>>> print(open('model.cif').read())   # mmCIF, N, CA and C atoms
data_entry
#
loop_
_atom_site.label_atom_id
_atom_site.label_comp_id
_atom_site.auth_asym_id
_atom_site.auth_seq_id
_atom_site.Cartn_x
_atom_site.Cartn_y
_atom_site.Cartn_z
N MET O 27 150.84 12.43 116.59
CA MET O 27 150.49 11.69 115.39
C MET O 27 151.10 12.38 114.17
N LYS O 28 151.68 11.59 113.29
CA LYS O 28 152.27 12.10 112.06
C LYS O 28 151.18 12.24 111.00
N ALA O 29 151.41 13.15 110.08
CA ALA O 29 150.47 13.36 108.98
C ALA O 29 150.85 12.46 107.80
N ASP O 30 149.94 12.31 106.90
CA ASP O 30 150.21 11.57 105.67
C ASP O 30 150.91 12.49 104.67
N ILE O 31 151.46 11.93 103.64
CA ILE O 31 152.05 12.70 102.55
C ILE O 31 150.89 13.34 101.79
N LYS O 32 150.90 14.67 101.69
CA LYS O 32 149.74 15.33 101.10
C LYS O 32 150.03 16.19 99.88
N ASP O 33 151.30 16.55 99.64
CA ASP O 33 151.58 17.46 98.53
C ASP O 33 153.06 17.46 98.18
N SER O 34 153.42 18.34 97.23
CA SER O 34 154.80 18.40 96.76
C SER O 34 155.77 18.88 97.85
N THR O 35 155.28 19.64 98.82
CA THR O 35 156.13 20.06 99.94
C THR O 35 156.56 18.85 100.75
N ASP O 36 155.65 17.92 100.97
CA ASP O 36 155.99 16.69 101.69
C ASP O 36 156.95 15.83 100.88
N ILE O 37 156.75 15.79 99.57
CA ILE O 37 157.67 15.03 98.71
C ILE O 37 159.07 15.60 98.83
N LYS O 38 159.19 16.92 98.72
CA LYS O 38 160.50 17.56 98.83
C LYS O 38 161.14 17.23 100.18
N LEU O 39 160.36 17.25 101.23
CA LEU O 39 160.87 16.95 102.56
C LEU O 39 161.42 15.53 102.64
N PHE O 40 160.64 14.54 102.21
CA PHE O 40 161.14 13.16 102.35
C PHE O 40 162.27 12.86 101.37
N VAL O 41 162.21 13.43 100.17
CA VAL O 41 163.29 13.20 99.20
C VAL O 41 164.60 13.80 99.73
N ASP O 42 164.55 15.02 100.24
CA ASP O 42 165.77 15.65 100.77
C ASP O 42 166.33 14.86 101.94
N GLN O 43 165.47 14.41 102.85
CA GLN O 43 165.93 13.63 103.99
C GLN O 43 166.51 12.29 103.55
N PHE O 44 165.82 11.64 102.62
CA PHE O 44 166.26 10.33 102.13
C PHE O 44 167.61 10.43 101.44
N TYR O 45 167.75 11.38 100.53
CA TYR O 45 169.03 11.48 99.81
C TYR O 45 170.14 12.03 100.68
N GLY O 46 169.80 12.74 101.75
CA GLY O 46 170.81 13.08 102.74
C GLY O 46 171.38 11.83 103.39
N LYS O 47 170.50 10.87 103.69
CA LYS O 47 170.94 9.58 104.24
C LYS O 47 171.77 8.81 103.22
N ILE O 48 171.32 8.82 101.98
CA ILE O 48 172.04 8.11 100.91
C ILE O 48 173.47 8.62 100.80
N GLN O 49 173.62 9.94 100.80
CA GLN O 49 174.95 10.54 100.65
C GLN O 49 175.89 10.15 101.78
N GLN O 50 175.34 9.90 102.97
CA GLN O 50 176.15 9.55 104.14
C GLN O 50 176.34 8.04 104.31
N ASP O 51 175.63 7.26 103.53
CA ASP O 51 175.66 5.81 103.69
C ASP O 51 176.95 5.21 103.12
N ASP O 52 177.57 4.31 103.88
CA ASP O 52 178.83 3.69 103.46
C ASP O 52 178.70 2.87 102.19
N LEU O 53 177.57 2.22 101.99
CA LEU O 53 177.38 1.37 100.81
C LEU O 53 176.91 2.19 99.60
N LEU O 54 175.90 3.01 99.79
CA LEU O 54 175.28 3.73 98.67
C LEU O 54 175.93 5.07 98.35
N GLY O 55 176.46 5.73 99.36
CA GLY O 55 177.04 7.06 99.16
C GLY O 55 178.10 7.11 98.07
N PRO O 56 179.07 6.20 98.08
CA PRO O 56 180.10 6.25 97.04
C PRO O 56 179.57 6.00 95.63
N ILE O 57 178.55 5.18 95.48
CA ILE O 57 177.99 4.91 94.16
C ILE O 57 177.31 6.15 93.61
N PHE O 58 176.45 6.76 94.42
CA PHE O 58 175.78 7.99 93.99
C PHE O 58 176.79 9.12 93.81
N GLY O 59 177.73 9.23 94.74
CA GLY O 59 178.73 10.30 94.68
C GLY O 59 179.61 10.24 93.46
N ALA O 60 179.81 9.04 92.93
CA ALA O 60 180.65 8.89 91.74
C ALA O 60 179.98 9.44 90.48
N VAL O 61 178.66 9.51 90.47
CA VAL O 61 177.96 9.95 89.26
C VAL O 61 177.20 11.27 89.42
N ILE O 62 176.93 11.67 90.67
CA ILE O 62 176.19 12.91 90.89
C ILE O 62 177.12 13.93 91.52
N LYS O 63 177.47 14.93 90.74
CA LYS O 63 178.35 15.98 91.25
C LYS O 63 177.55 17.17 91.76
N ASP O 64 176.40 17.41 91.15
CA ASP O 64 175.52 18.50 91.56
C ASP O 64 174.17 17.89 91.93
N TRP O 65 173.88 17.83 93.21
CA TRP O 65 172.67 17.16 93.68
C TRP O 65 171.39 17.93 93.33
N GLY O 66 171.47 19.23 93.11
CA GLY O 66 170.28 20.04 92.83
C GLY O 66 169.43 19.50 91.69
N PRO O 67 169.99 19.35 90.49
CA PRO O 67 169.19 18.83 89.37
C PRO O 67 168.68 17.42 89.61
N HIS O 68 169.47 16.59 90.26
CA HIS O 68 169.03 15.22 90.55
C HIS O 68 167.81 15.24 91.47
N LEU O 69 167.89 16.03 92.52
CA LEU O 69 166.78 16.11 93.46
C LEU O 69 165.52 16.67 92.79
N GLU O 70 165.68 17.67 91.95
CA GLU O 70 164.52 18.22 91.22
C GLU O 70 163.83 17.13 90.40
N LYS O 71 164.63 16.29 89.75
CA LYS O 71 164.09 15.18 88.95
C LYS O 71 163.33 14.19 89.85
N ILE O 72 163.89 13.92 91.01
CA ILE O 72 163.25 12.98 91.93
C ILE O 72 161.96 13.56 92.49
N TYR O 73 161.93 14.86 92.78
CA TYR O 73 160.68 15.50 93.21
C TYR O 73 159.60 15.29 92.14
N GLN O 74 159.98 15.55 90.90
CA GLN O 74 159.03 15.40 89.78
C GLN O 74 158.57 13.95 89.66
N PHE O 75 159.50 13.01 89.82
CA PHE O 75 159.16 11.59 89.71
C PHE O 75 158.09 11.21 90.74
N TRP O 76 158.35 11.51 92.02
CA TRP O 76 157.40 11.12 93.05
C TRP O 76 156.10 11.91 92.95
N ASN O 77 156.15 13.14 92.46
CA ASN O 77 154.94 13.92 92.26
C ASN O 77 154.06 13.26 91.18
N ALA O 78 154.71 12.74 90.15
CA ALA O 78 153.97 12.03 89.10
C ALA O 78 153.41 10.71 89.63
N VAL O 79 154.22 9.97 90.37
CA VAL O 79 153.82 8.67 90.89
C VAL O 79 152.67 8.80 91.89
N LEU O 80 152.81 9.72 92.83
CA LEU O 80 151.83 9.82 93.92
C LEU O 80 150.60 10.66 93.59
N PHE O 81 150.80 11.69 92.76
CA PHE O 81 149.70 12.63 92.53
C PHE O 81 149.31 12.78 91.07
N GLY O 82 149.99 12.05 90.17
CA GLY O 82 149.65 12.12 88.75
C GLY O 82 150.00 13.44 88.10
N VAL O 83 150.91 14.20 88.71
CA VAL O 83 151.29 15.51 88.17
C VAL O 83 152.22 15.31 86.99
N GLN O 84 151.89 15.93 85.88
CA GLN O 84 152.71 15.87 84.68
C GLN O 84 154.03 16.60 84.92
N GLY O 85 155.05 16.24 84.17
CA GLY O 85 156.31 16.97 84.24
C GLY O 85 157.52 16.07 84.30
N PHE O 86 157.37 14.84 84.81
CA PHE O 86 158.54 13.97 84.87
C PHE O 86 158.81 13.39 83.50
N LYS O 87 160.05 13.52 83.09
CA LYS O 87 160.51 12.91 81.85
C LYS O 87 161.80 12.17 82.18
N GLY O 88 161.89 10.97 81.69
CA GLY O 88 163.10 10.22 81.94
C GLY O 88 162.84 8.74 82.03
N ASN O 89 163.92 8.00 82.11
CA ASN O 89 163.88 6.55 82.23
C ASN O 89 164.77 6.17 83.41
N PRO O 90 164.18 6.07 84.60
CA PRO O 90 164.99 5.79 85.78
C PRO O 90 165.85 4.52 85.65
N PHE O 91 165.30 3.48 85.05
CA PHE O 91 166.09 2.25 84.93
C PHE O 91 167.33 2.48 84.08
N ALA O 92 167.19 3.17 82.96
CA ALA O 92 168.33 3.41 82.07
C ALA O 92 169.43 4.19 82.79
N ARG O 93 169.06 5.08 83.68
CA ARG O 93 170.04 5.87 84.43
C ARG O 93 170.77 5.02 85.48
N HIS O 94 170.11 4.01 85.99
CA HIS O 94 170.70 3.18 87.03
C HIS O 94 171.39 1.93 86.50
N ALA O 95 171.03 1.49 85.30
CA ALA O 95 171.55 0.24 84.75
C ALA O 95 173.08 0.18 84.68
N PRO O 96 173.76 1.26 84.32
CA PRO O 96 175.23 1.17 84.23
C PRO O 96 175.94 1.15 85.59
N LEU O 97 175.24 1.42 86.65
CA LEU O 97 175.88 1.50 87.96
C LEU O 97 176.22 0.12 88.51
N PRO O 98 177.26 0.03 89.34
CA PRO O 98 177.63 -1.25 89.95
C PRO O 98 176.73 -1.55 91.15
N ILE O 99 175.48 -1.90 90.86
CA ILE O 99 174.49 -2.12 91.92
C ILE O 99 173.88 -3.51 91.78
N SER O 100 173.41 -4.02 92.92
CA SER O 100 172.83 -5.36 92.95
C SER O 100 171.75 -5.40 94.04
N GLN O 101 171.26 -6.59 94.33
CA GLN O 101 170.23 -6.76 95.34
C GLN O 101 170.63 -6.11 96.67
N GLU O 102 171.87 -6.28 97.06
CA GLU O 102 172.37 -5.72 98.31
C GLU O 102 172.14 -4.20 98.38
N HIS O 103 172.37 -3.53 97.27
CA HIS O 103 172.20 -2.07 97.23
C HIS O 103 170.73 -1.68 97.32
N PHE O 104 169.88 -2.43 96.66
CA PHE O 104 168.45 -2.13 96.72
C PHE O 104 167.88 -2.45 98.09
N ASP O 105 168.40 -3.48 98.73
CA ASP O 105 167.96 -3.79 100.09
C ASP O 105 168.28 -2.61 101.02
N ARG O 106 169.47 -2.08 100.90
CA ARG O 106 169.87 -0.94 101.73
C ARG O 106 169.05 0.30 101.38
N TRP O 107 168.83 0.53 100.08
CA TRP O 107 168.03 1.66 99.60
C TRP O 107 166.63 1.60 100.22
N LEU O 108 166.04 0.41 100.23
CA LEU O 108 164.70 0.26 100.81
C LEU O 108 164.68 0.49 102.32
N ILE O 109 165.70 0.02 103.01
CA ILE O 109 165.77 0.25 104.45
C ILE O 109 165.78 1.74 104.74
N LEU O 110 166.63 2.48 104.04
CA LEU O 110 166.72 3.92 104.25
C LEU O 110 165.43 4.63 103.82
N PHE O 111 164.82 4.16 102.75
CA PHE O 111 163.58 4.77 102.28
C PHE O 111 162.46 4.58 103.30
N ARG O 112 162.30 3.35 103.76
CA ARG O 112 161.25 3.06 104.76
C ARG O 112 161.48 3.86 106.04
N GLU O 113 162.74 3.90 106.51
CA GLU O 113 163.06 4.67 107.71
C GLU O 113 162.66 6.13 107.55
N THR O 114 162.96 6.69 106.40
CA THR O 114 162.66 8.11 106.13
C THR O 114 161.16 8.35 106.15
N ILE O 115 160.42 7.52 105.45
CA ILE O 115 158.97 7.69 105.40
C ILE O 115 158.37 7.48 106.79
N ASP O 116 158.77 6.42 107.46
CA ASP O 116 158.21 6.11 108.78
C ASP O 116 158.53 7.19 109.82
N ALA O 117 159.67 7.84 109.69
CA ALA O 117 160.05 8.88 110.65
C ALA O 117 159.19 10.13 110.51
N GLY O 118 158.69 10.38 109.30
CA GLY O 118 157.98 11.63 109.10
C GLY O 118 156.51 11.54 108.77
N PHE O 119 156.05 10.36 108.37
CA PHE O 119 154.69 10.25 107.85
C PHE O 119 154.03 8.95 108.28
N GLU O 120 152.70 8.99 108.27
CA GLU O 120 151.92 7.76 108.41
C GLU O 120 150.59 8.00 107.70
N GLY O 121 150.02 6.92 107.23
CA GLY O 121 148.75 7.02 106.54
C GLY O 121 148.77 6.27 105.22
N GLU O 122 147.68 6.39 104.51
CA GLU O 122 147.48 5.65 103.27
C GLU O 122 148.55 5.95 102.22
N ARG O 123 148.85 7.23 102.01
CA ARG O 123 149.84 7.58 100.99
C ARG O 123 151.25 7.20 101.43
N ALA O 124 151.54 7.27 102.72
CA ALA O 124 152.85 6.83 103.22
C ALA O 124 153.05 5.33 102.96
N ILE O 125 152.00 4.57 103.17
CA ILE O 125 152.07 3.13 102.87
C ILE O 125 152.24 2.92 101.37
N ASP O 126 151.51 3.68 100.58
CA ASP O 126 151.57 3.57 99.12
C ASP O 126 152.97 3.87 98.60
N VAL O 127 153.60 4.93 99.10
CA VAL O 127 154.92 5.28 98.58
C VAL O 127 155.95 4.20 98.93
N LYS O 128 155.83 3.59 100.10
CA LYS O 128 156.75 2.50 100.45
C LYS O 128 156.50 1.28 99.57
N THR O 129 155.23 0.98 99.32
CA THR O 129 154.90 -0.15 98.45
C THR O 129 155.43 0.08 97.04
N ARG O 130 155.26 1.28 96.54
CA ARG O 130 155.76 1.58 95.19
C ARG O 130 157.28 1.49 95.13
N ALA O 131 157.96 1.93 96.17
CA ALA O 131 159.42 1.80 96.22
C ALA O 131 159.84 0.34 96.21
N GLU O 132 159.12 -0.49 96.96
CA GLU O 132 159.42 -1.92 96.99
C GLU O 132 159.21 -2.56 95.61
N ILE O 133 158.13 -2.22 94.95
CA ILE O 133 157.87 -2.74 93.60
C ILE O 133 158.96 -2.30 92.64
N MET O 134 159.34 -1.03 92.73
CA MET O 134 160.39 -0.50 91.86
C MET O 134 161.70 -1.25 92.10
N SER O 135 162.02 -1.53 93.34
CA SER O 135 163.23 -2.25 93.67
C SER O 135 163.24 -3.65 93.05
N VAL O 136 162.15 -4.37 93.20
CA VAL O 136 162.04 -5.72 92.63
C VAL O 136 162.18 -5.65 91.10
N MET O 137 161.52 -4.69 90.48
CA MET O 137 161.58 -4.55 89.04
C MET O 137 163.00 -4.22 88.57
N PHE O 138 163.66 -3.29 89.24
CA PHE O 138 165.02 -2.92 88.84
C PHE O 138 165.97 -4.11 88.96
N VAL O 139 165.92 -4.82 90.08
CA VAL O 139 166.81 -5.97 90.28
C VAL O 139 166.55 -7.03 89.22
N SER O 140 165.29 -7.29 88.94
CA SER O 140 164.93 -8.28 87.91
C SER O 140 165.47 -7.86 86.55
N LYS O 141 165.28 -6.62 86.19
CA LYS O 141 165.76 -6.13 84.89
C LYS O 141 167.29 -6.12 84.84
N LEU O 142 167.95 -5.74 85.94
CA LEU O 142 169.41 -5.76 85.97
C LEU O 142 169.93 -7.18 85.80
N ASP O 143 169.33 -8.13 86.51
CA ASP O 143 169.75 -9.53 86.38
C ASP O 143 169.57 -10.02 84.94
N HIS O 144 168.44 -9.69 84.34
CA HIS O 144 168.19 -10.09 82.95
C HIS O 144 169.20 -9.44 82.01
N MET O 145 169.44 -8.17 82.19
CA MET O 145 170.38 -7.43 81.33
C MET O 145 171.78 -8.02 81.45
N ARG O 146 172.20 -8.32 82.65
CA ARG O 146 173.56 -8.83 82.85
C ARG O 146 173.71 -10.27 82.36
N ALA O 147 172.62 -11.03 82.36
CA ALA O 147 172.66 -12.40 81.84
C ALA O 147 172.57 -12.44 80.32
N ASN O 148 172.19 -11.32 79.71
CA ASN O 148 172.02 -11.22 78.26
C ASN O 148 172.79 -10.00 77.76
N PRO O 149 174.09 -10.17 77.48
CA PRO O 149 174.94 -9.01 77.14
C PRO O 149 174.44 -8.17 75.96
N GLY O 150 173.66 -8.72 75.07
CA GLY O 150 173.15 -7.95 73.94
C GLY O 150 171.88 -7.17 74.24
N TYR O 151 171.41 -7.25 75.46
CA TYR O 151 170.17 -6.60 75.86
C TYR O 151 170.28 -5.08 75.69
N LYS O 152 169.27 -4.51 75.05
CA LYS O 152 169.25 -3.08 74.84
C LYS O 152 168.16 -2.45 75.72
N ILE O 153 168.53 -1.38 76.37
CA ILE O 153 167.56 -0.63 77.20
C ILE O 153 166.84 0.36 76.31
N LEU O 154 165.53 0.27 76.33
CA LEU O 154 164.76 1.20 75.51
C LEU O 154 164.32 2.40 76.31
#
>>> encode(input="model.cif", output="structure tokens")
Amino acid sequence: MKADIKDSTDIKLFVDQFYGKIQQDDLLGPIFGAVIKDWGPHLEKIYQFWNAVLFGVQGFKGNPFARHAPLPISQEHFDRWLILFRETIDAGFEGERAIDVKTRAEIMSVMFVSKLDHMRANPGYKIL
């Protein structure tokens, strides 16, 4: 039986595994690789993000949408991102928090795609 996500050590584990998959992925790897030259700081930011989302830990600062908006991404990319994310969580964890993190990723994906579509349909749109 797998354990649930319980702390920042588990977050680091799934984030590292997930972004390892991203870097090797034919669709997503080149997009991330074009903008991330040093994965260390990026991963640290992602650890902080999920720690804030899952456990309410202060420390994350940033606007994830603003960082992703300039990238050449669409529904297809988010679909692949979610497949890899779910695979990663399901391979290592089960339980209430594991379900929660997948649900939150799905919500984030829908929100990002919606905002990207709106932004691209309205060229004067400003990201706050």
>>> closest_residue(input="model.cif", among="O:Met145, O:Leu80, O:Val136, O:Ile48", to="O:Pro96", atoms="only C-alpha atoms")
O:Met145
>>> residues_around(input="model.cif", residues="stretch 120-131 of chain O", least_positions_apart="2", cutoff="6 Å", atoms="all atoms listed in the file", output="list of chain:residue names")
O:Lys28, O:Ala29, O:Asp30, O:Ile31, O:Gly118, O:Ile133, O:Met134, O:Ser135
>>> atom_distance(input="model.cif", atom1="atom C of O:His103", atom2="atom CA of O:Val41")
16.7 Å
>>> resolve_selection(input="model.cif", expression="the PyMOL selection byres (((chain O and resi 75 and name CA) around 12) and name CA)", output="PyMOL selection string")
chain O and resi 34+37-38+41+68-74+76-90+127+130-131
>>> closest_residue(input="model.cif", among="O:Arg93, O:Thr114, O:Glu132, O:Phe138", to="O:Leu39", atoms="only N, CA and C atoms")
O:Thr114
>>> atom_distance(input="model.cif", atom1="atom CA of O:Phe119", atom2="atom CA of O:Ile99")
28.3 Å
>>> select_by_dssp(input="model.cif", residues="chain O", states="helix (DSSP H, G or I)", output="NGL selection string")
:O and (34-50 or 55-61 or 65-81 or 90-94 or 101-118 or 122-147)
>>> atom_distance(input="model.cif", atom1="atom CA of O:Asp116", atom2="atom CA of O:Leu54")
20.0 Å
>>> residues_around(input="model.cif", residues="O:Lys152", least_positions_apart="2", cutoff="12 Å", atoms="only C-alpha atoms", output="ChimeraX atom specification")
/O:91-92,95-96,141-142,144-146,148-150,154
